[in-house]
>>> print(open('entry_32.pdb').read())   # PDB, C-alpha atoms
ATOM      1  CA  MET A  21     -28.261   5.183 -55.653
ATOM      2  CA  ASP A  22     -26.164   5.915 -52.609
ATOM      3  CA  PRO A  23     -27.538   3.955 -49.623
ATOM      4  CA  LEU A  24     -27.619   7.064 -47.436
ATOM      5  CA  ALA A  25     -29.645   8.985 -50.013
ATOM      6  CA  ARG A  26     -31.962   5.990 -50.306
ATOM      7  CA  ALA A  27     -32.361   5.945 -46.531
ATOM      8  CA  LEU A  28     -33.125   9.673 -46.523
ATOM      9  CA  ILE A  29     -35.869   9.200 -49.097
ATOM     10  CA  GLU A  30     -37.400   6.231 -47.321
ATOM     11  CA  VAL A  31     -37.465   8.011 -43.980
ATOM     12  CA  ILE A  32     -38.976  11.264 -45.240
ATOM     13  CA  GLU A  33     -41.523   9.406 -47.390
ATOM     14  CA  SER A  34     -42.601   7.455 -44.330
ATOM     15  CA  VAL A  35     -42.712  10.512 -42.054
ATOM     16  CA  CYS A  36     -44.676  12.575 -44.588
ATOM     17  CA  ALA A  37     -47.131   9.754 -45.256
ATOM     18  CA  THR A  38     -47.774   9.241 -41.545
ATOM     19  CA  MET A  39     -47.595  12.796 -40.326
ATOM     20  CA  LEU A  40     -49.062  14.661 -43.291
ATOM     21  CA  ASP A  41     -50.879  11.967 -45.242
ATOM     22  CA  LEU A  42     -49.025  13.369 -48.231
ATOM     23  CA  ALA A  43     -47.091  11.563 -50.936
ATOM     24  CA  ILE A  44     -43.732  13.250 -51.288
ATOM     25  CA  THR A  45     -41.839  12.488 -54.474
ATOM     26  CA  GLU A  46     -38.170  12.449 -55.258
ATOM     27  CA  ILE A  47     -37.290  14.606 -58.263
ATOM     28  CA  ALA A  48     -34.123  15.102 -60.293
ATOM     29  CA  ALA A  49     -31.882  17.968 -59.182
ATOM     30  CA  PRO A  50     -33.666  21.088 -60.479
ATOM     31  CA  ALA A  51     -31.849  23.775 -62.416
ATOM     32  CA  THR A  52     -32.834  26.403 -59.877
ATOM     33  CA  PRO A  53     -32.326  26.332 -56.114
ATOM     34  CA  VAL A  54     -35.235  25.877 -53.736
ATOM     35  CA  PRO A  55     -37.076  29.218 -53.578
ATOM     36  CA  ASP A  56     -37.013  31.212 -50.365
ATOM     37  CA  GLY A  57     -38.685  29.590 -47.418
ATOM     38  CA  PHE A  58     -37.347  27.832 -44.319
ATOM     39  CA  THR A  59     -34.334  25.780 -43.338
ATOM     40  CA  GLY A  60     -34.559  23.245 -40.517
ATOM     41  CA  ARG A  61     -31.370  21.847 -38.999
ATOM     42  CA  VAL A  62     -30.678  19.105 -36.479
ATOM     43  CA  GLU A  63     -27.071  18.602 -35.442
ATOM     44  CA  ILE A  64     -25.777  15.080 -34.975
ATOM     45  CA  ALA A  65     -22.776  14.206 -32.818
ATOM     46  CA  GLY A  66     -21.155  10.987 -31.738
ATOM     47  CA  GLY A  67     -20.084   8.215 -34.086
ATOM     48  CA  TRP A  68     -20.625  10.635 -36.960
ATOM     49  CA  SER A  69     -20.605  14.409 -36.800
ATOM     50  CA  GLY A  70     -22.721  16.581 -39.012
ATOM     51  CA  MET A  71     -26.234  17.788 -39.440
ATOM     52  CA  LEU A  72     -29.486  16.964 -41.129
ATOM     53  CA  VAL A  73     -30.759  19.903 -43.161
ATOM     54  CA  LEU A  74     -34.262  20.282 -44.587
ATOM     55  CA  ARG A  75     -34.635  23.294 -46.863
ATOM     56  CA  CYS A  76     -38.011  24.072 -48.367
ATOM     57  CA  ASP A  77     -39.924  26.824 -50.078
ATOM     58  CA  ARG A  78     -42.525  28.825 -48.178
ATOM     59  CA  ALA A  79     -45.417  27.008 -49.873
ATOM     60  CA  PHE A  80     -44.063  23.642 -48.736
ATOM     61  CA  ALA A  81     -43.848  24.798 -45.116
ATOM     62  CA  HIS A  82     -47.308  26.339 -45.203
ATOM     63  CA  ALA A  83     -48.780  23.188 -46.781
ATOM     64  CA  CYS A  84     -47.330  21.128 -43.918
ATOM     65  CA  ALA A  85     -48.615  23.550 -41.274
ATOM     66  CA  THR A  86     -52.081  23.730 -42.856
ATOM     67  CA  ILE A  87     -52.418  19.954 -42.625
ATOM     68  CA  LEU A  88     -50.894  19.637 -39.179
ATOM     69  CA  PHE A  89     -52.927  22.416 -37.603
ATOM     70  CA  ALA A  90     -56.041  21.754 -39.702
ATOM     71  CA  ASP A  91     -56.123  25.483 -40.345
ATOM     72  CA  ASP A  92     -55.916  27.229 -43.726
ATOM     73  CA  GLY A  93     -54.807  30.466 -42.112
ATOM     74  CA  CYS A  94     -51.492  29.299 -40.677
ATOM     75  CA  GLY A  95     -48.814  31.962 -40.461
ATOM     76  CA  ASP A  96     -45.047  31.749 -40.661
ATOM     77  CA  HIS A  97     -44.734  30.789 -36.988
ATOM     78  CA  ALA A  98     -46.793  27.646 -37.506
ATOM     79  CA  ALA A  99     -44.946  26.923 -40.754
ATOM     80  CA  SER A 100     -41.619  27.178 -38.950
ATOM     81  CA  ASP A 101     -42.847  24.886 -36.166
ATOM     82  CA  ALA A 102     -44.006  22.341 -38.737
ATOM     83  CA  ILE A 103     -40.606  22.286 -40.462
ATOM     84  CA  GLY A 104     -38.844  21.951 -37.100
ATOM     85  CA  GLU A 105     -40.951  18.945 -36.177
ATOM     86  CA  LEU A 106     -40.547  17.377 -39.617
ATOM     87  CA  THR A 107     -36.750  17.792 -39.441
ATOM     88  CA  SER A 108     -36.676  16.408 -35.912
ATOM     89  CA  MET A 109     -38.734  13.348 -36.815
ATOM     90  CA  VAL A 110     -36.603  12.562 -39.860
ATOM     91  CA  ALA A 111     -33.432  12.906 -37.769
ATOM     92  CA  GLY A 112     -34.854  10.694 -35.040
ATOM     93  CA  ASN A 113     -35.742   8.014 -37.544
ATOM     94  CA  LEU A 114     -32.339   8.278 -39.268
ATOM     95  CA  LYS A 115     -30.496   7.974 -35.987
ATOM     96  CA  ALA A 116     -30.697   4.208 -35.991
ATOM     97  CA  LEU A 117     -28.849   4.132 -39.336
ATOM     98  CA  LEU A 118     -25.920   6.271 -38.197
ATOM     99  CA  PRO A 119     -22.886   5.025 -36.278
ATOM    100  CA  ALA A 120     -23.696   4.910 -32.576
ATOM    101  CA  PRO A 121     -23.728   6.805 -30.392
ATOM    102  CA  ALA A 122     -25.704   9.466 -32.262
ATOM    103  CA  ARG A 123     -26.870  12.431 -30.217
ATOM    104  CA  LEU A 124     -29.321  14.879 -31.736
ATOM    105  CA  SER A 125     -29.747  18.571 -31.051
ATOM    106  CA  LEU A 126     -33.088  20.268 -30.876
ATOM    107  CA  PRO A 127     -34.286  21.391 -34.304
ATOM    108  CA  ARG A 128     -33.475  24.950 -35.306
ATOM    109  CA  VAL A 129     -35.477  26.615 -38.046
ATOM    110  CA  VAL A 130     -34.689  29.887 -39.754
ATOM    111  CA  ALA A 131     -36.385  31.681 -42.589
ATOM    112  CA  THR A 132     -34.262  32.046 -45.689
ATOM    113  CA  GLY A 133     -32.119  35.130 -45.505
ATOM    114  CA  GLU A 134     -32.731  35.749 -41.808
ATOM    115  CA  ALA A 135     -29.977  36.046 -39.236
ATOM    116  CA  GLY A 136     -28.904  32.512 -38.395
ATOM    117  CA  ASP A 137     -29.376  31.282 -41.946
ATOM    118  CA  ALA A 138     -25.624  30.751 -42.166
ATOM    119  CA  PRO A 139     -24.028  28.921 -45.096
ATOM    120  CA  LEU A 140     -23.608  25.226 -44.440
ATOM    121  CA  ARG A 141     -20.155  24.125 -43.375
ATOM    122  CA  GLY A 142     -18.939  20.794 -44.680
ATOM    123  CA  GLN A 143     -20.032  18.854 -47.689
ATOM    124  CA  ALA A 144     -23.355  17.248 -48.400
ATOM    125  CA  ILE A 145     -22.704  13.520 -48.303
ATOM    126  CA  ALA A 146     -26.268  12.704 -49.274
ATOM    127  CA  GLN A 147     -28.820  15.005 -50.862
ATOM    128  CA  VAL A 148     -32.317  14.414 -52.162
ATOM    129  CA  HIS A 149     -34.676  16.811 -53.966
ATOM    130  CA  LEU A 150     -38.348  16.465 -53.172
ATOM    131  CA  GLN A 151     -41.701  17.743 -54.307
ATOM    132  CA  LEU A 152     -45.234  17.663 -52.942
ATOM    133  CA  PRO A 153     -48.164  16.868 -55.252
ATOM    134  CA  ALA A 154     -48.928  20.576 -55.837
ATOM    135  CA  GLY A 155     -45.334  21.322 -56.786
ATOM    136  CA  GLN A 156     -43.987  22.707 -53.497
ATOM    137  CA  ARG A 157     -40.274  22.012 -53.307
ATOM    138  CA  ALA A 158     -37.815  20.899 -50.671
ATOM    139  CA  GLU A 159     -34.409  19.327 -50.385
ATOM    140  CA  ILE A 160     -32.991  17.268 -47.580
ATOM    141  CA  MET A 161     -29.341  16.527 -46.977
ATOM    142  CA  LEU A 162     -26.811  15.177 -44.561
ATOM    143  CA  VAL A 163     -23.894  17.570 -44.212
ATOM    144  CA  GLY A 164     -20.693  16.826 -42.351
ATOM    145  CA  ASP A 165     -17.847  14.349 -42.112
ATOM    146  CA  ALA A 166     -17.033  13.045 -45.533
ATOM    147  CA  VAL A 167     -17.376   9.397 -44.683
ATOM    148  CA  VAL A 168     -19.971   7.676 -42.570
ATOM    149  CA  ARG A 169     -18.215   4.657 -41.148
ATOM    150  CA  PRO A 170     -20.748   2.260 -39.712
ATOM    151  CA  THR A 171     -18.555   1.169 -36.862
ATOM    152  CA  THR A 172     -20.094  -0.883 -34.149
ATOM    153  CA  PRO A 173     -19.769  -0.128 -30.440
ATOM    154  CA  PHE A 174     -17.855  -3.403 -30.120
ATOM    155  CA  GLU A 175     -15.277  -2.239 -32.673
ATOM    156  CA  ARG A 176     -14.764   0.917 -30.633
ATOM    157  CA  GLY A 177     -14.132  -1.150 -27.526
ATOM    158  CA  GLU A 178     -17.314  -0.043 -25.796
ATOM    159  CA  THR A 179     -19.479  -2.280 -23.701
ATOM    160  CA  ALA A 180     -23.186  -2.275 -23.067
ATOM    161  CA  ASP A 181     -22.525  -0.515 -19.780
ATOM    162  CA  THR A 182     -20.632   2.362 -21.337
ATOM    163  CA  ILE A 183     -22.790   3.049 -24.367
ATOM    164  CA  ASP A 184     -25.162   5.947 -23.943
ATOM    165  CA  ASP A 185     -26.748   7.137 -27.156
ATOM    166  CA  THR A 186     -29.724   8.632 -25.411
ATOM    167  CA  GLN A 187     -28.239  11.965 -24.460
ATOM    168  CA  THR A 188     -29.603  15.098 -26.012
ATOM    169  CA  LEU A 189     -27.366  17.790 -27.410
ATOM    170  CA  HIS A 190     -28.491  21.031 -25.915
ATOM    171  CA  GLU A 191     -27.895  24.381 -27.488
ATOM    172  CA  PRO A 192     -25.519  26.576 -25.539
ATOM    173  CA  PRO A 193     -27.425  29.289 -23.647
TER     174      PRO A 193
ATOM    175  CA  MET B  24     -65.363  11.970 -15.097
ATOM    176  CA  ALA B  25     -62.870  13.076 -17.712
ATOM    177  CA  THR B  26     -59.456  11.381 -17.606
ATOM    178  CA  PRO B  27     -56.762  14.009 -17.059
ATOM    179  CA  ILE B  28     -54.057  13.728 -19.727
ATOM    180  CA  LEU B  29     -50.818  15.696 -19.879
ATOM    181  CA  VAL B  30     -49.225  16.143 -23.324
ATOM    182  CA  VAL B  31     -45.577  17.211 -23.127
ATOM    183  CA  ASP B  32     -43.766  18.365 -26.266
ATOM    184  CA  ASP B  33     -41.924  21.549 -27.183
ATOM    185  CA  SER B  34     -43.542  21.552 -30.620
ATOM    186  CA  ALA B  35     -47.099  22.855 -30.872
ATOM    187  CA  VAL B  36     -47.398  20.850 -34.076
ATOM    188  CA  SER B  37     -46.483  17.668 -32.322
ATOM    189  CA  ARG B  38     -48.838  18.319 -29.407
ATOM    190  CA  SER B  39     -51.625  18.949 -31.893
ATOM    191  CA  ILE B  40     -50.905  15.650 -33.674
ATOM    192  CA  VAL B  41     -50.823  13.737 -30.405
ATOM    193  CA  ILE B  42     -54.119  15.213 -29.239
ATOM    194  CA  ARG B  43     -55.759  14.406 -32.566
ATOM    195  CA  SER B  44     -54.491  10.814 -32.317
ATOM    196  CA  LEU B  45     -56.313  10.125 -29.042
ATOM    197  CA  PRO B  46     -59.251   7.728 -29.383
ATOM    198  CA  PRO B  47     -62.389   9.578 -30.529
ATOM    199  CA  GLY B  48     -65.101   9.739 -27.896
ATOM    200  CA  TRP B  49     -62.667   9.224 -25.025
ATOM    201  CA  ASP B  50     -63.616  11.689 -22.298
ATOM    202  CA  VAL B  51     -60.350  13.463 -21.494
ATOM    203  CA  ALA B  52     -59.228  16.732 -19.924
ATOM    204  CA  ILE B  53     -56.022  17.723 -21.675
ATOM    205  CA  THR B  54     -53.221  19.831 -20.259
ATOM    206  CA  GLN B  55     -50.282  20.821 -22.467
ATOM    207  CA  ALA B  56     -46.684  21.464 -21.447
ATOM    208  CA  ALA B  57     -43.749  22.568 -23.607
ATOM    209  CA  ASN B  58     -40.992  20.865 -21.583
ATOM    210  CA  GLY B  59     -40.341  18.654 -18.585
ATOM    211  CA  GLN B  60     -40.248  21.537 -16.158
ATOM    212  CA  GLU B  61     -43.689  22.768 -17.200
ATOM    213  CA  ALA B  62     -44.931  19.187 -16.965
ATOM    214  CA  LEU B  63     -43.685  18.862 -13.391
ATOM    215  CA  SER B  64     -45.491  22.100 -12.503
ATOM    216  CA  ALA B  65     -48.690  20.748 -14.029
ATOM    217  CA  LEU B  66     -48.386  17.529 -12.031
ATOM    218  CA  ARG B  67     -47.828  19.509  -8.830
ATOM    219  CA  GLN B  68     -51.034  21.437  -9.485
ATOM    220  CA  ARG B  69     -53.082  18.294  -9.966
ATOM    221  CA  PRO B  70     -52.495  14.590 -10.630
ATOM    222  CA  HIS B  71     -52.783  13.334 -14.204
ATOM    223  CA  ALA B  72     -53.632   9.759 -15.089
ATOM    224  CA  VAL B  73     -51.514   9.677 -18.248
ATOM    225  CA  VAL B  74     -48.502  11.619 -19.476
ATOM    226  CA  LEU B  75     -47.686  11.520 -23.190
ATOM    227  CA  LEU B  76     -44.037  12.541 -23.220
ATOM    228  CA  ASP B  77     -41.608  13.674 -25.916
ATOM    229  CA  LEU B  78     -37.914  13.068 -25.240
ATOM    230  CA  ASN B  79     -36.027  15.761 -27.105
ATOM    231  CA  MET B  80     -37.034  19.087 -25.518
ATOM    232  CA  PRO B  81     -35.294  22.215 -24.266
ATOM    233  CA  VAL B  82     -35.064  23.249 -20.602
ATOM    234  CA  MET B  83     -35.820  19.770 -19.250
ATOM    235  CA  ASP B  84     -35.914  16.819 -21.645
ATOM    236  CA  GLY B  85     -37.957  13.658 -21.318
ATOM    237  CA  TYR B  86     -35.213  11.674 -19.607
ATOM    238  CA  GLN B  87     -34.686  14.392 -17.025
ATOM    239  CA  PHE B  88     -38.440  14.572 -16.443
ATOM    240  CA  LEU B  89     -38.596  10.821 -15.813
ATOM    241  CA  GLU B  90     -35.667  11.059 -13.408
ATOM    242  CA  ALA B  91     -37.263  13.994 -11.589
ATOM    243  CA  ILE B  92     -40.626  12.330 -11.210
ATOM    244  CA  GLY B  93     -38.935   9.160  -9.990
ATOM    245  CA  GLN B  94     -37.241  11.110  -7.216
ATOM    246  CA  SER B  95     -40.315  13.148  -6.274
ATOM    247  CA  GLU B  96     -43.231  12.474  -3.975
ATOM    248  CA  LEU B  97     -45.697  13.143  -6.787
ATOM    249  CA  ALA B  98     -48.339  10.568  -7.676
ATOM    250  CA  ARG B  99     -46.924   8.413 -10.489
ATOM    251  CA  PRO B 100     -48.886   8.761 -13.715
ATOM    252  CA  ILE B 101     -48.788   6.286 -16.569
ATOM    253  CA  VAL B 102     -46.042   7.651 -18.829
ATOM    254  CA  ILE B 103     -46.076   6.865 -22.535
ATOM    255  CA  VAL B 104     -42.987   8.106 -24.362
ATOM    256  CA  LEU B 105     -43.426   9.384 -27.912
ATOM    257  CA  SER B 106     -40.172   9.707 -29.816
ATOM    258  CA  GLY B 107     -38.614   9.577 -33.254
ATOM    259  CA  ASP B 108     -35.556   8.010 -31.643
ATOM    260  CA  ILE B 109     -36.319   4.358 -32.168
ATOM    261  CA  GLN B 110     -32.969   2.947 -31.089
ATOM    262  CA  PRO B 111     -33.163   0.157 -28.520
ATOM    263  CA  GLY B 112     -30.920   2.179 -26.175
ATOM    264  CA  ALA B 113     -33.496   4.951 -25.921
ATOM    265  CA  GLN B 114     -36.353   2.550 -25.313
ATOM    266  CA  ALA B 115     -34.420   0.608 -22.686
ATOM    267  CA  ARG B 116     -33.395   3.760 -20.858
ATOM    268  CA  VAL B 117     -36.889   5.249 -20.637
ATOM    269  CA  LYS B 118     -38.290   1.930 -19.414
ATOM    270  CA  GLN B 119     -35.536   1.846 -16.804
ATOM    271  CA  LEU B 120     -36.555   5.344 -15.734
ATOM    272  CA  GLY B 121     -40.146   4.288 -15.238
ATOM    273  CA  ALA B 122     -41.911   4.847 -18.570
ATOM    274  CA  HIS B 123     -44.670   2.360 -19.236
ATOM    275  CA  ALA B 124     -44.708   2.295 -23.035
ATOM    276  CA  PHE B 125     -42.885   3.670 -26.072
ATOM    277  CA  VAL B 126     -44.543   4.912 -29.253
ATOM    278  CA  LYS B 127     -42.576   5.778 -32.371
ATOM    279  CA  LYS B 128     -43.068   9.216 -33.895
ATOM    280  CA  PRO B 129     -44.789  10.241 -36.043
ATOM    281  CA  VAL B 130     -47.593   8.957 -33.867
ATOM    282  CA  ARG B 131     -50.647   7.302 -35.357
ATOM    283  CA  ALA B 132     -54.011   6.770 -33.744
ATOM    284  CA  ASP B 133     -53.631   2.988 -33.819
ATOM    285  CA  THR B 134     -50.220   2.981 -32.121
ATOM    286  CA  VAL B 135     -51.404   5.381 -29.418
ATOM    287  CA  LEU B 136     -54.486   3.233 -28.822
ATOM    288  CA  ALA B 137     -52.316   0.114 -28.599
ATOM    289  CA  ALA B 138     -50.043   1.793 -26.044
ATOM    290  CA  LEU B 139     -53.004   2.980 -23.953
ATOM    291  CA  ARG B 140     -54.365  -0.575 -23.945
ATOM    292  CA  GLU B 141     -50.930  -2.012 -23.162
ATOM    293  CA  CYS B 142     -50.807   0.226 -20.100
ATOM    294  CA  GLY B 143     -54.317  -0.704 -19.008
ATOM    295  CA  VAL B 144     -55.640   2.833 -19.438
ATOM    296  CA  LEU B 145     -58.375   1.736 -21.843
TER     297      LEU B 145
END
>>> encode(input="entry_32.pdb", output="structure tokens")
Amino acid sequence: MDPLARALIEVIESVCATMLDLAITEIAAPATPVPDGFTGRVEIAGGWSGMLVLRCDRAFAHACATILFADDGCGDHAASDAIGELTSMVAGNLKALLPAPARLSLPRVVATGEAGDAPLRGQAIAQVHLQLPAGQRAEIMLVGDAVVRPTTPFERGETADTIDDTQTLHEPP
Amino acid sequence: MATPILVVDDSAVSRSIVIRSLPPGWDVAITQAANGQEALSALRQRPHAVVLLDLNMPVMDGYQFLEAIGQSELARPIVIVLSGDIQPGAQARVKQLGAHAFVKKPVRADTVLAALRECGVL
């Protein structure tokens, strides 16, 4: 398996186990796309440009929110917040594996079909299909520059004084 | 007397997780803020012993909050940074800006407890 896809699986398994106490399982690419639900995106800029995308069905998002808020009656707002936080945590944990510097945007979550749910630009360089124990589906992918070159700061001629990978990408107003 | 704690994160989910990860039975009075600016306002209203701080937030992020508090006349709380960004650069920078400890997200009760002990809060 592609090392990036492997890294994606390991990170989301770890985040789901810690954050949700849920075992998430990798599944083979299904014949049908993920049913309508939510899409979380975190843009990545720096040594590699692209975005982390988590797309899930509504049941997946609501299952996450129900656990996180300890409330069976969670609505779409809570579900969206849960997917945003999940996407953000996966991106934060992946950051160390991407060429530095890697600056992350705030997570943006849209419901499928809503304004802002624009088609993804660029190709998916790593994609993993996932399922929760009760069958809720999701997929997670890295979309962007075709090749992730793990260059080091030294190879780019940077020094410890000039490297700043701690900046946050802010959305334009 | 309850220990005043300020939880700063733009995600309600994340704030909820952080609050649930605090040691059971610890007598705390919790204030929540959705960004660094709201956190500064809360600190101006009353001192807090501990700030549990996310880094990646809109309006004013965690780094900007640490810079602002460092330049202010406000009483300095213990600041524990909670972040999914586990790169050494991030940890070094927040320590340089005055944070006392760093906890990797997703937070767990044991790592929060360890950080609170490391900072001498418990």
>>> atom_distance(input="entry_32.pdb", atom1="CA of Trp49 (chain B)", atom2="CA of Leu63 (chain B)")
24.3 Å
>>> closest_residue(input="entry_32.pdb", among="B:Asp77, B:Asp32, B:Arg116, B:Val51", to="Val104 (chain B)", atoms="all atoms listed in the file")
B:Asp77
>>> closest_residue(input="entry_32.pdb", among="A:Phe89, A:Phe58, A:Phe80, A:Trp68", to="chain B", atoms="all atoms listed in the file")
A:Phe89
>>> residues_near_point(input="entry_32.pdb", point="(-52.0, 18.5, -35.3)", cutoff="10 Å", atoms="only C-alpha atoms", output="list in words")
Met39, Leu40, Ala85, Thr86, Ile87, Leu88, Phe89, Ala90, Asp91 and Ala102 of chain A; Ala35, Val36, Ser37, Arg38, Ser39, Ile40, Val41, Ile42, Arg43 and Ser44 of chain B
>>> resolve_selection(input="entry_32.pdb", expression="the PyMOL selection byres ((chain A and resi 139-143) around 7)", output="list in words")
Asp137, Ala138, Ala144, Ile145, Val163, Gly164 and Ala166 of chain A
>>> resolve_selection(input="entry_32.pdb", expression="the ChimeraX specification (/B :<6) & /A", output="PyMOL selection string")
chain A and resi 39+102+109+112-113+116+186
>>> closest_residue(input="entry_32.pdb", among="B:Glu96, B:Glu90, B:Asp50, B:Glu61", to="Lys118 (chain B)", atoms="only C-alpha atoms")
B:Glu90
>>> resolve_selection(input="entry_32.pdb", expression="the PyMOL selection byres ((chain A and resi 147-161) around 10)", output="JSON, numbers by chain")
{"A": [22, 24, 25, 26, 28, 29, 32, 33, 36, 42, 43, 44, 45, 46, 47, 48, 49, 50, 53, 54, 55, 57, 58, 59, 60, 61, 71, 72, 73, 74, 75, 76, 77, 78, 79, 80, 81, 82, 83, 84, 107, 110, 143, 144, 145, 146, 162, 163, 164]}
>>> residues_around(input="entry_32.pdb", residues="Val74 (chain B)", least_positions_apart="4", cutoff="8 Å", atoms="only C-alpha atoms", output="ChimeraX atom specification")
/B:28-31,100-103
>>> atom_distance(input="entry_32.pdb", atom1="CA of Ala65 (chain A)", atom2="CA of Leu114 (chain A)")
13.0 Å
>>> closest_residue(input="entry_32.pdb", among="B:Phe88, B:Leu105, B:Ala72, B:Ala65", to="Val126 (chain B)", atoms="only C-alpha atoms")
B:Leu105
>>> atom_distance(input="entry_32.pdb", atom1="CA of Asp133 (chain B)", atom2="CA of Ile53 (chain B)")
19.2 Å
>>> closest_residue(input="entry_32.pdb", among="B:Leu139, B:Leu76, B:Val144, B:Gly93", to="Gln119 (chain B)", atoms="all atoms listed in the file")
B:Gly93
>>> closest_residue(input="entry_32.pdb", among="A:Asp165, A:Leu106, A:Pro127, A:Ser69", to="Val35 (chain A)", atoms="all atoms listed in the file")
A:Leu106
>>> axis_aligned_box(input="entry_32.pdb", around="region 122-125 of chain B", padding_each_side="8 Å", output="lines of an AutoDock Vina configuration file")
center_x = -43.3
center_y = 3.6
center_z = -22.3
size_x = 18.8
size_y = 18.6
size_z = 23.5
>>> build_atoms(input="entry_32.pdb", residues="region 71-89 of chain B", atoms="N, CA and C atoms", output="compact mmCIF listing (two decimals), in the frame of the given file")
# COMPACT_ATOMS: atom_id res chain seq x y z
N HIS B 71 -52.31 13.72 -12.88
CA HIS B 71 -52.78 13.33 -14.20
C HIS B 71 -52.66 11.82 -14.33
N ALA B 72 -53.64 11.21 -14.96
CA ALA B 72 -53.63 9.76 -15.09
C ALA B 72 -52.56 9.31 -16.09
N VAL B 73 -52.42 10.07 -17.17
CA VAL B 73 -51.51 9.68 -18.25
C VAL B 73 -50.67 10.87 -18.69
N VAL B 74 -49.38 10.61 -18.89
CA VAL B 74 -48.50 11.62 -19.48
C VAL B 74 -48.01 11.08 -20.81
N LEU B 75 -48.21 11.86 -21.86
CA LEU B 75 -47.69 11.52 -23.19
C LEU B 75 -46.47 12.41 -23.40
N LEU B 76 -45.28 11.81 -23.42
CA LEU B 76 -44.04 12.54 -23.22
C LEU B 76 -43.09 12.45 -24.41
N ASP B 77 -42.68 13.61 -24.91
CA ASP B 77 -41.61 13.67 -25.92
C ASP B 77 -40.27 13.56 -25.18
N LEU B 78 -39.22 13.18 -25.90
CA LEU B 78 -37.91 13.07 -25.24
C LEU B 78 -37.02 14.27 -25.48
N ASN B 79 -36.99 14.73 -26.73
CA ASN B 79 -36.03 15.76 -27.10
C ASN B 79 -36.66 17.14 -26.96
N MET B 80 -36.42 17.78 -25.81
CA MET B 80 -37.03 19.09 -25.52
C MET B 80 -36.01 19.99 -24.84
N PRO B 81 -36.18 21.29 -24.99
CA PRO B 81 -35.29 22.22 -24.27
C PRO B 81 -35.68 22.30 -22.79
N VAL B 82 -34.86 22.97 -22.04
CA VAL B 82 -35.06 23.25 -20.60
C VAL B 82 -34.95 21.97 -19.77
N MET B 83 -35.89 21.07 -19.91
CA MET B 83 -35.82 19.77 -19.25
C MET B 83 -36.35 18.73 -20.23
N ASP B 84 -35.47 17.80 -20.64
CA ASP B 84 -35.91 16.82 -21.64
C ASP B 84 -36.70 15.68 -20.98
N GLY B 85 -37.12 14.74 -21.82
CA GLY B 85 -37.96 13.66 -21.32
C GLY B 85 -37.25 12.76 -20.32
N TYR B 86 -35.96 12.51 -20.55
CA TYR B 86 -35.21 11.67 -19.61
C TYR B 86 -35.12 12.36 -18.24
N GLN B 87 -34.81 13.65 -18.28
CA GLN B 87 -34.69 14.39 -17.02
C GLN B 87 -36.03 14.45 -16.29
N PHE B 88 -37.11 14.57 -17.05
CA PHE B 88 -38.44 14.57 -16.44
C PHE B 88 -38.70 13.24 -15.74
N LEU B 89 -38.37 12.14 -16.42
CA LEU B 89 -38.60 10.82 -15.81
C LEU B 89 -37.76 10.66 -14.55
